[in-house]
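S.K.: What follows is model-v5.cif; its format and atoms are mmCIF, C-alpha atoms.
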```cif
data_work
loop_
_atom_site.label_atom_id
_atom_site.label_comp_id
_atom_site.auth_asym_id
_atom_site.auth_seq_id
_atom_site.Cartn_x
_atom_site.Cartn_y
_atom_site.Cartn_z
CA MET A 14 75.10 3.70 -35.43
CA THR A 15 73.03 2.92 -38.52
CA ASN A 16 73.32 4.26 -42.05
CA ASP A 17 69.58 4.65 -42.53
CA PRO A 18 68.73 7.56 -44.83
CA PRO A 19 67.06 10.59 -43.25
CA PRO A 20 63.28 10.74 -43.45
CA PRO A 21 61.97 12.53 -46.54
CA SER A 22 60.93 16.15 -46.33
CA PRO A 23 57.41 16.62 -45.02
CA HIS A 24 56.35 18.28 -48.26
CA LEU A 25 57.04 15.17 -50.40
CA LEU A 26 54.19 12.67 -50.51
CA GLY A 27 55.78 10.26 -52.94
CA ARG A 28 54.83 8.72 -56.28
CA LEU A 29 51.24 8.50 -57.46
CA PRO A 30 50.33 5.50 -59.63
CA SER A 31 49.04 6.03 -63.13
CA GLY A 32 45.68 4.40 -62.46
CA ALA A 33 46.08 2.25 -65.57
CA ASP A 34 43.48 -0.35 -66.47
CA GLY A 35 43.84 -3.46 -64.36
CA ASN A 36 44.41 -1.68 -61.06
CA PRO A 37 41.76 -2.56 -58.51
CA LEU A 38 39.75 0.22 -56.92
CA TRP A 39 41.69 -0.26 -53.68
CA ARG A 40 45.29 -1.35 -53.97
CA PRO A 41 46.87 -1.93 -50.53
CA ASP A 42 50.36 -0.75 -51.43
CA VAL A 43 52.64 1.03 -49.03
CA PHE A 44 52.82 4.52 -50.44
CA PRO A 45 56.48 5.54 -50.92
CA GLY A 46 57.47 8.89 -49.53
CA GLY A 47 56.87 11.04 -46.51
CA ARG A 48 53.90 9.21 -45.03
CA PRO A 49 54.05 5.59 -43.87
CA ALA A 50 51.52 2.99 -44.92
CA LEU A 51 49.23 5.11 -47.07
CA ALA A 52 46.98 2.90 -49.19
CA VAL A 53 46.71 3.94 -52.85
CA LEU A 54 43.29 4.20 -54.48
CA ASP A 55 42.19 4.91 -58.02
CA ASP A 56 38.79 5.74 -59.47
CA ARG A 57 38.16 2.44 -61.25
CA GLY A 58 34.45 1.70 -61.06
CA ILE A 59 33.46 5.19 -59.93
CA ARG A 60 31.80 7.01 -62.80
CA LEU A 61 28.99 8.95 -61.19
CA ASP A 62 26.52 11.12 -63.07
CA PRO A 63 22.90 12.17 -62.38
CA PHE A 64 21.58 9.18 -64.30
CA ASP A 65 23.96 6.51 -62.94
CA GLU A 66 22.25 3.28 -61.93
CA GLN A 67 24.82 2.71 -59.19
CA ASP A 68 23.32 3.71 -55.85
CA PHE A 69 25.51 6.35 -54.26
CA LEU A 70 24.98 5.27 -50.66
CA ALA A 71 25.61 1.62 -51.51
CA LEU A 72 28.85 2.66 -53.17
CA CYS A 73 29.89 4.63 -50.08
CA GLY A 74 29.13 1.59 -47.93
CA ALA A 75 31.23 -0.69 -50.11
CA ILE A 76 34.11 1.77 -49.95
CA GLY A 77 33.77 1.88 -46.18
CA GLU A 78 34.11 -1.91 -46.00
CA GLN A 79 37.25 -1.76 -48.12
CA ALA A 80 38.63 1.03 -45.93
CA ALA A 81 38.13 -1.11 -42.85
CA ARG A 82 40.09 -3.95 -44.46
CA LEU A 83 42.91 -1.57 -45.34
CA GLN A 84 43.10 -0.37 -41.76
CA LYS A 85 43.45 -3.96 -40.56
CA MET A 86 46.33 -4.35 -43.03
CA GLY A 87 48.09 -1.41 -41.40
CA ALA A 88 47.10 1.54 -43.58
CA ALA A 89 47.38 4.83 -41.67
CA GLY A 90 45.55 6.67 -44.42
CA ALA A 91 44.75 6.66 -48.12
CA VAL A 92 45.43 8.79 -51.18
CA CYS A 93 43.38 9.04 -54.40
CA PRO A 94 45.31 10.06 -57.51
CA ALA A 95 43.71 12.18 -60.23
CA LEU A 96 39.98 11.64 -59.67
CA PRO A 97 37.80 12.86 -62.56
CA GLY A 98 35.34 14.90 -60.51
CA LEU A 99 33.82 15.93 -57.21
CA ALA A 100 31.15 13.22 -57.16
CA ALA A 101 33.72 10.42 -57.18
CA ALA A 102 35.81 12.19 -54.54
CA ARG A 103 32.78 12.58 -52.25
CA ALA A 104 31.87 8.91 -52.60
CA ILE A 105 35.35 7.79 -51.56
CA LEU A 106 35.62 10.35 -48.76
CA LEU A 107 32.22 9.52 -47.28
CA GLY A 108 33.18 5.84 -47.36
CA THR A 109 36.63 6.19 -45.82
CA ARG A 110 35.50 8.50 -43.05
CA THR A 111 33.03 5.91 -41.71
CA VAL A 112 36.06 4.09 -40.31
CA GLY A 113 38.19 7.17 -39.69
CA LEU A 114 40.71 6.54 -42.47
CA PRO A 115 42.32 9.91 -43.38
CA LEU A 116 42.05 10.61 -47.10
CA THR A 117 44.13 12.81 -49.39
CA VAL A 118 42.22 13.54 -52.60
CA PHE A 119 43.85 14.53 -55.89
CA LEU A 120 41.61 16.04 -58.55
CA ALA A 121 42.68 15.69 -62.18
CA LEU A 122 43.07 19.12 -63.78
CA GLU A 123 42.72 19.91 -67.47
CA GLU A 124 44.02 22.96 -69.35
CA ASN A 125 40.67 24.74 -68.95
CA GLY A 126 41.13 24.77 -65.18
CA ARG A 127 38.47 22.14 -64.51
CA SER A 128 38.45 18.40 -63.93
CA PRO A 129 37.49 15.97 -66.73
CA CYS A 130 33.94 15.90 -65.33
CA GLY A 131 33.75 19.70 -65.19
CA SER A 132 34.33 20.14 -61.46
CA ASP A 133 35.68 23.50 -60.31
CA PRO A 134 38.76 22.99 -58.08
CA LEU A 135 37.69 25.68 -55.60
CA ALA A 136 34.23 24.13 -55.28
CA ALA A 137 35.85 20.73 -54.76
CA LEU A 138 38.19 22.11 -52.08
CA CYS A 139 35.43 23.89 -50.16
CA THR A 140 33.22 20.81 -50.31
CA LEU A 141 35.83 18.19 -49.44
CA GLN A 142 37.50 20.07 -46.61
CA GLY A 143 34.05 20.52 -45.08
CA LEU A 144 33.58 16.75 -45.26
CA GLY A 145 36.86 16.10 -43.46
CA ALA A 146 39.46 15.44 -46.17
CA ALA A 147 42.98 15.25 -44.76
CA ALA A 148 44.45 17.12 -47.75
CA PHE A 149 43.43 18.23 -51.24
CA GLY A 150 45.62 18.09 -54.32
CA LEU A 151 45.67 18.75 -58.05
CA ALA A 152 47.27 16.65 -60.80
CA GLY A 153 47.86 18.09 -64.24
CA GLU A 154 50.19 20.33 -66.24
CA THR A 155 52.42 22.30 -63.88
CA GLU A 156 51.39 25.75 -65.12
CA ALA A 157 47.68 25.01 -64.79
CA VAL A 158 48.15 23.47 -61.33
CA ALA A 159 50.19 26.46 -60.14
CA GLY A 160 47.49 28.88 -61.28
CA GLN A 161 44.80 27.00 -59.41
CA LEU A 162 46.91 26.63 -56.25
CA ALA A 163 47.23 30.40 -56.04
CA ARG A 164 43.47 30.66 -56.37
CA LEU A 165 42.79 28.00 -53.72
CA ARG A 166 45.33 29.10 -51.13
CA PRO A 167 43.21 31.81 -49.41
CA TYR A 168 40.34 29.36 -48.86
CA ALA A 169 42.25 26.28 -47.73
CA SER A 170 41.95 25.07 -44.15
CA ILE A 171 43.67 21.75 -44.98
CA PRO A 172 47.05 21.09 -46.66
CA LEU A 173 47.21 21.58 -50.43
CA ALA A 174 49.15 19.10 -52.56
CA ALA A 175 50.38 19.13 -56.15
CA ALA A 176 51.36 16.21 -58.38
CA LEU A 177 54.19 16.80 -60.84
CA PRO A 178 54.10 14.97 -64.17
CA ALA A 179 56.78 12.28 -64.54
CA PRO A 180 60.16 13.69 -65.64
CA GLN A 181 60.60 14.11 -69.38
CA ALA A 182 63.46 12.52 -71.31
CA GLY A 183 66.55 14.63 -70.92
CA GLN A 184 65.14 16.71 -68.06
CA SER A 185 67.70 17.17 -65.31
CA PRO A 186 66.85 16.61 -61.63
CA LYS A 187 67.71 20.28 -61.01
CA ASP A 188 65.19 21.48 -63.61
CA TYR A 189 62.63 19.04 -62.28
CA ALA A 190 63.12 20.34 -58.76
CA GLU A 191 62.54 23.87 -60.04
CA LEU A 192 59.08 22.78 -61.17
CA GLY A 193 58.46 21.50 -57.67
CA ARG A 194 59.71 24.77 -56.21
CA SER A 195 57.28 26.72 -58.41
CA LEU A 196 54.38 24.65 -57.09
CA LEU A 197 55.44 25.16 -53.48
CA GLU A 198 55.71 28.89 -54.10
CA ALA A 199 52.25 28.87 -55.73
CA GLY A 200 50.73 27.44 -52.56
CA ALA A 201 51.35 23.69 -52.35
CA ASP A 202 52.23 22.23 -48.95
CA GLU A 203 53.05 18.77 -50.33
CA LEU A 204 54.36 17.35 -53.60
CA ALA A 205 53.83 14.04 -55.36
CA ILE A 206 55.05 12.52 -58.62
CA ALA A 207 52.38 11.33 -61.06
CA GLY A 208 54.27 8.49 -62.72
CA GLU A 209 57.70 6.89 -62.68
CA ALA A 210 60.75 8.87 -61.57
CA GLY A 211 64.26 7.83 -60.63
CA GLU A 212 65.73 8.28 -57.19
CA GLU A 213 67.73 11.30 -58.36
CA TYR A 214 64.50 13.15 -59.13
CA ARG A 215 62.93 12.19 -55.82
CA SER A 216 66.07 13.31 -53.98
CA ALA A 217 66.00 16.65 -55.78
CA LEU A 218 62.42 17.25 -54.63
CA GLN A 219 63.18 16.11 -51.10
CA ALA A 220 65.99 18.65 -50.91
CA LEU A 221 63.60 21.55 -51.47
CA PRO A 222 62.77 23.61 -48.39
CA PRO A 223 59.15 23.47 -47.24
CA ARG A 224 56.80 26.21 -48.33
CA PRO A 225 57.09 29.17 -45.92
CA ALA A 226 54.06 29.56 -43.72
CA GLY A 227 52.01 32.42 -45.11
CA GLN A 228 49.99 35.01 -43.29
CA PRO A 229 46.45 33.98 -42.27
CA ALA A 230 44.00 34.63 -45.07
CA SER A 231 42.02 37.83 -44.60
CA ALA A 232 38.90 36.20 -46.01
CA GLY A 233 39.32 32.49 -45.56
CA PRO A 234 36.87 29.64 -45.01
CA GLU A 235 36.10 30.61 -41.42
CA SER A 236 35.13 34.20 -42.21
CA LEU A 237 33.12 33.68 -45.38
CA LEU A 238 29.89 31.87 -46.11
CA ILE A 239 30.81 29.75 -49.13
CA ALA A 240 28.29 27.53 -50.87
CA ALA A 241 29.28 25.33 -53.78
CA CYS A 242 27.89 23.19 -56.55
CA GLU A 243 30.11 20.99 -58.69
CA SER A 244 30.68 23.73 -61.24
CA GLY A 245 31.44 26.69 -58.98
CA CYS A 246 31.50 28.52 -55.63
CA PHE A 247 29.30 31.32 -54.29
CA LEU A 248 30.30 33.87 -51.63
CA LEU A 249 27.24 34.73 -49.56
CA ASP A 250 26.16 36.76 -46.55
CA GLU A 251 23.58 35.92 -43.90
CA ASN A 252 20.82 37.78 -45.73
CA VAL A 253 20.53 35.41 -48.66
CA GLU A 254 17.41 35.86 -50.76
CA PHE A 255 15.89 32.44 -51.38
CA SER A 256 13.56 31.42 -54.17
CA GLU A 257 10.06 30.26 -53.42
CA PRO A 258 10.15 26.61 -52.25
CA LEU A 259 10.68 24.30 -55.22
CA VAL A 260 8.75 21.03 -55.31
CA CYS A 261 10.80 18.05 -56.48
CA SER A 262 9.77 16.18 -59.60
CA GLU A 263 11.28 14.06 -62.34
CA ASP A 264 11.80 17.08 -64.61
CA MET A 265 12.66 20.28 -62.74
CA ALA A 266 14.34 22.07 -65.64
CA ASP A 267 11.62 24.70 -66.17
CA ALA A 268 11.12 25.35 -62.45
CA LEU A 269 14.84 25.78 -61.84
CA PHE A 270 15.23 28.04 -64.88
CA GLU A 271 12.35 30.27 -63.80
CA ALA A 272 13.59 30.50 -60.21
CA GLU A 273 17.10 31.47 -61.27
CA HIS A 274 15.77 34.26 -63.49
CA GLU A 275 13.53 35.78 -60.82
CA GLY A 276 16.47 37.40 -59.05
CA CYS A 277 16.98 35.05 -56.10
CA GLU A 278 20.44 34.28 -54.70
CA ALA A 279 19.80 30.65 -53.75
CA LEU A 280 17.39 27.91 -54.79
CA LEU A 281 15.19 26.71 -51.92
CA VAL A 282 14.40 23.03 -52.53
CA ARG A 283 11.68 21.36 -50.48
CA ILE A 284 12.55 17.79 -49.38
CA ASP A 285 9.56 15.91 -47.93
CA SER A 286 10.60 12.32 -48.64
CA SER A 287 13.53 10.14 -49.66
CA LEU A 288 12.04 10.13 -53.16
CA ASP A 289 12.28 13.93 -53.21
CA ALA A 290 15.97 13.68 -52.40
CA ARG A 291 16.56 11.29 -55.30
CA LEU A 292 14.44 13.33 -57.71
CA PHE A 293 16.31 16.51 -56.94
CA ILE A 294 19.75 14.95 -57.25
CA ALA A 295 18.79 13.75 -60.73
CA ASN A 296 18.19 17.43 -61.58
CA ALA A 297 20.96 19.02 -59.50
CA HIS A 298 23.32 19.34 -62.47
CA LEU A 299 20.92 21.94 -63.88
CA CYS A 300 21.39 24.33 -60.94
CA GLY A 301 23.38 27.49 -61.55
CA LEU A 302 22.87 28.94 -58.07
CA PRO A 303 23.54 27.76 -54.50
CA VAL A 304 21.15 25.09 -53.24
CA ALA A 305 19.30 25.34 -49.93
CA PHE A 306 17.39 22.37 -48.56
CA GLN A 307 14.22 22.80 -46.51
CA ALA A 308 12.87 19.74 -44.71
CA ASP A 309 10.89 18.80 -41.60
CA GLU A 310 12.21 15.24 -41.35
CA GLU A 311 15.85 14.68 -40.36
CA ALA A 312 16.28 11.45 -42.33
CA CYS A 313 15.08 13.07 -45.57
CA LEU A 314 17.32 16.07 -45.09
CA GLU A 315 20.37 13.92 -44.39
CA LEU A 316 19.74 11.86 -47.50
CA ALA A 317 19.66 15.00 -49.64
CA LEU A 318 22.92 16.15 -48.04
CA ALA A 319 24.58 12.80 -48.65
CA TYR A 320 23.60 12.79 -52.33
CA TYR A 321 24.33 16.45 -53.14
CA SER A 322 27.68 16.99 -54.87
CA GLY A 323 28.55 20.36 -53.38
CA ARG A 324 28.32 22.48 -50.24
CA ALA A 325 24.64 23.07 -49.50
CA ILE A 326 22.68 25.47 -47.31
CA LEU A 327 20.21 24.23 -44.70
CA SER A 328 17.20 26.47 -44.31
CA SER A 329 16.27 27.19 -40.70
CA MET A 330 12.70 27.87 -41.85
CA CYS A 331 11.54 24.38 -40.95
CA ASP A 332 10.25 22.26 -38.05
CA LEU A 333 13.63 20.73 -37.21
CA PRO A 334 15.42 22.05 -34.09
CA ARG A 335 18.40 24.28 -34.82
CA GLU A 336 20.71 21.89 -32.98
CA THR A 337 19.71 19.15 -35.44
CA LEU A 338 20.46 21.43 -38.39
CA VAL A 339 23.82 22.40 -36.90
CA ARG A 340 24.75 18.75 -36.30
CA LEU A 341 23.87 17.78 -39.87
CA ALA A 342 25.70 20.82 -41.23
CA GLU A 343 28.84 19.90 -39.32
CA GLY A 344 28.66 16.33 -40.60
CA TYR A 345 28.30 17.32 -44.25
CA GLY A 346 30.12 20.65 -44.33
CA ALA A 347 26.92 22.60 -45.00
CA LEU A 348 25.75 26.07 -43.94
CA VAL A 349 22.75 26.89 -41.74
CA LEU A 350 20.92 30.09 -42.68
#
```
If you took the structure in this file and wrote it as structure tokens, what would it be?
M.R.:
Amino acid sequence: MTNDPPPPSPHLLGRLPSGADGNPLWRPDVFPGGRPALAVLDDRGIRLDPFDEQDFLALCGAIGEQAARLQKMGAAGAVCPALPGLAAARAILLGTRTVGLPLTVFLALEENGRSPCGSDPLAALCTLQGLGAAAFGLAGETEAVAGQLARLRPYASIPLAAALPAPQAGQSPKDYAELGRSLLEAGADELAIAGEAGEEYRSALQALPPRPAGQPASAGPESLLIAACESGCFLLDENVEFSEPLVCSEDMADALFEAEHEGCEALLVRIDSSLDARLFIANAHLCGLPVAFQADEEACLELALAYYSGRAILSSMCDLPRETLVRLAEGYGALVL
């Protein structure tokens, strides 16, 4: 008979690193906690914006190469602590999924309920779970995280995680565990610790019972048409009113503004070339409505989907077969209307 300790509760992920300067983008640590051999990532080097010189697809490819190396080292999955926005999360997820490495993504949460880059947590959840994330988490002040978890719960088809701040001086393990309990009750399936914590604090969290399984959501991700841009989500029906097709150019500000004020429910963007895809993505941050792509060439449409930081709509009013649209939608978590 051995004296090995019992395995940790399934709702405890472990400790998240601080992501301090000096950490490499991919650090092949064994992640302590409930999951064996999870590689830890941080967002060093990933600062994506519409005018970034770093090519998005090249970045995804480089991440994929790193993910393959991690798998050879024995990583069963990976976790990203406190990413600043949806664009960075998509880049890492698209890279890791090329080799089938399951990824848990934590989004940093500020007091205003958004990430440092302005990403809406619900938009991030709907986008990332459509792309195949293994789990989605939030890292920030406990009260703000709890509020967002309650908002996300009805739409989650993957586990939700929450990162507790490191224990404060003088805080007892019992009080710390109560914070964890509040996050589980708010909707978290898994907990992590964002910083250093002694074994007594970890043990207190591990002793918490798992979150009770709730009733199926009455209007969850399978029963609603949900489109998303980085700043928000849109609940739609099948009779969406599209704008007139928008031609891509270097400066689409006026065209997008006019289309949004003509009463449409979604912006219909015409993609006829790879250049169109790049031109639109440079203007996508200006969009305040759902985005629908219309294209007759599969390669151009897929490029636009890969670049777009959100959950897009694919217009069926095109020359591409519906089975092609459905396949692309499944691969990028998009909608076909």
S.K.: Compare A:Arg194, A:Lys187, A:Arg224, A:Arg164 by their minimum atom-to-atom distance to Gly126 of chain A, counting only C-alpha atoms, and give me the closest one.
M.R.: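 Using only C-alpha atoms, Gly126 of chain A sits closest to A:Arg164.
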S.K.: Can you pull out every residue within 12 Å of segment 258-264 of chain A, counting only C-alpha atoms, but drop anything in the same chain fewer than 6 positions away, and send it as a ChimeraX atom specification?
M.R.: /A:63-64,270-273,277,279-299,304-308,317,328,330-331
S.K.: When distances are computed from all atoms listed in the file, which of A:Ala210, A:Ala169, A:Leu338, A:Leu221 shows the smallest separation from Leu318 of chain A?
M.R.: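 Checking each candidate against Leu318 of chain A, we get A:Leu338 as the closest.
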S.K.: Can you give me, as a ChimeraX atom specification, the residues this file yields under the PyMOL selection byres ((chain A and resi 113-120) around 6)?
M.R.: /A:90-96,109-112,121,146-151
S.K.: Between A:Gly145, A:Gly245, A:Pro172, A:Gly208, single out the one closest to Pro303 of chain A, counting only C-alpha atoms.
M.R.: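 Checking each candidate against Pro303 of chain A, we get A:Gly245 as the closest.
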S.K.: Given the point (32.2, 18.9, -45.2) in the file's coordinates, find the residues that have an atom at most 10 Å from it, counting only C-alpha atoms, and give them as JSON, numbers by chain.
M.R.: {"A": [103, 106, 107, 138, 139, 140, 141, 142, 143, 144, 145, 146, 323, 324, 325, 341, 342, 343, 344, 345, 346, 347, 348]}
S.K.: Taking the file as I've supplied it (selection: the PyMOL selection byres ((chain A and resi 191) around 12)), which residues are included? Please answer as a PyMOL selection string.
M.R.: chain A and resi 155+177+180+184-190+192-198+214+217-222
S.K.: Grab the residues selected above and save them as a compact mmCIF listing (two decimals), in the coordinates of the input with C-alpha atoms.
M.R.:
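What ended up in selection.txt:
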```
# COMPACT_ATOMS: atom_id res chain seq x y z
CA THR A 155 52.42 22.30 -63.88
CA LEU A 177 54.19 16.80 -60.84
CA PRO A 180 60.16 13.69 -65.64
CA GLN A 184 65.14 16.71 -68.06
CA SER A 185 67.70 17.17 -65.31
CA PRO A 186 66.85 16.61 -61.63
CA LYS A 187 67.71 20.28 -61.01
CA ASP A 188 65.19 21.48 -63.61
CA TYR A 189 62.63 19.04 -62.28
CA ALA A 190 63.12 20.34 -58.76
CA LEU A 192 59.08 22.78 -61.17
CA GLY A 193 58.46 21.50 -57.67
CA ARG A 194 59.71 24.77 -56.21
CA SER A 195 57.28 26.72 -58.41
CA LEU A 196 54.38 24.65 -57.09
CA LEU A 197 55.44 25.16 -53.48
CA GLU A 198 55.71 28.89 -54.10
CA TYR A 214 64.50 13.15 -59.13
CA ALA A 217 66.00 16.65 -55.78
CA LEU A 218 62.42 17.25 -54.63
CA GLN A 219 63.18 16.11 -51.10
CA ALA A 220 65.99 18.65 -50.91
CA LEU A 221 63.60 21.55 -51.47
CA PRO A 222 62.77 23.61 -48.39
```
S.K.: Please indicate the distance in Å from atom CA of Ala137 of chain A to atom CA of Arg166 of chain A, rounded to one decimal place.
M.R.: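 Between these atoms lies a distance of 13.2 Å.
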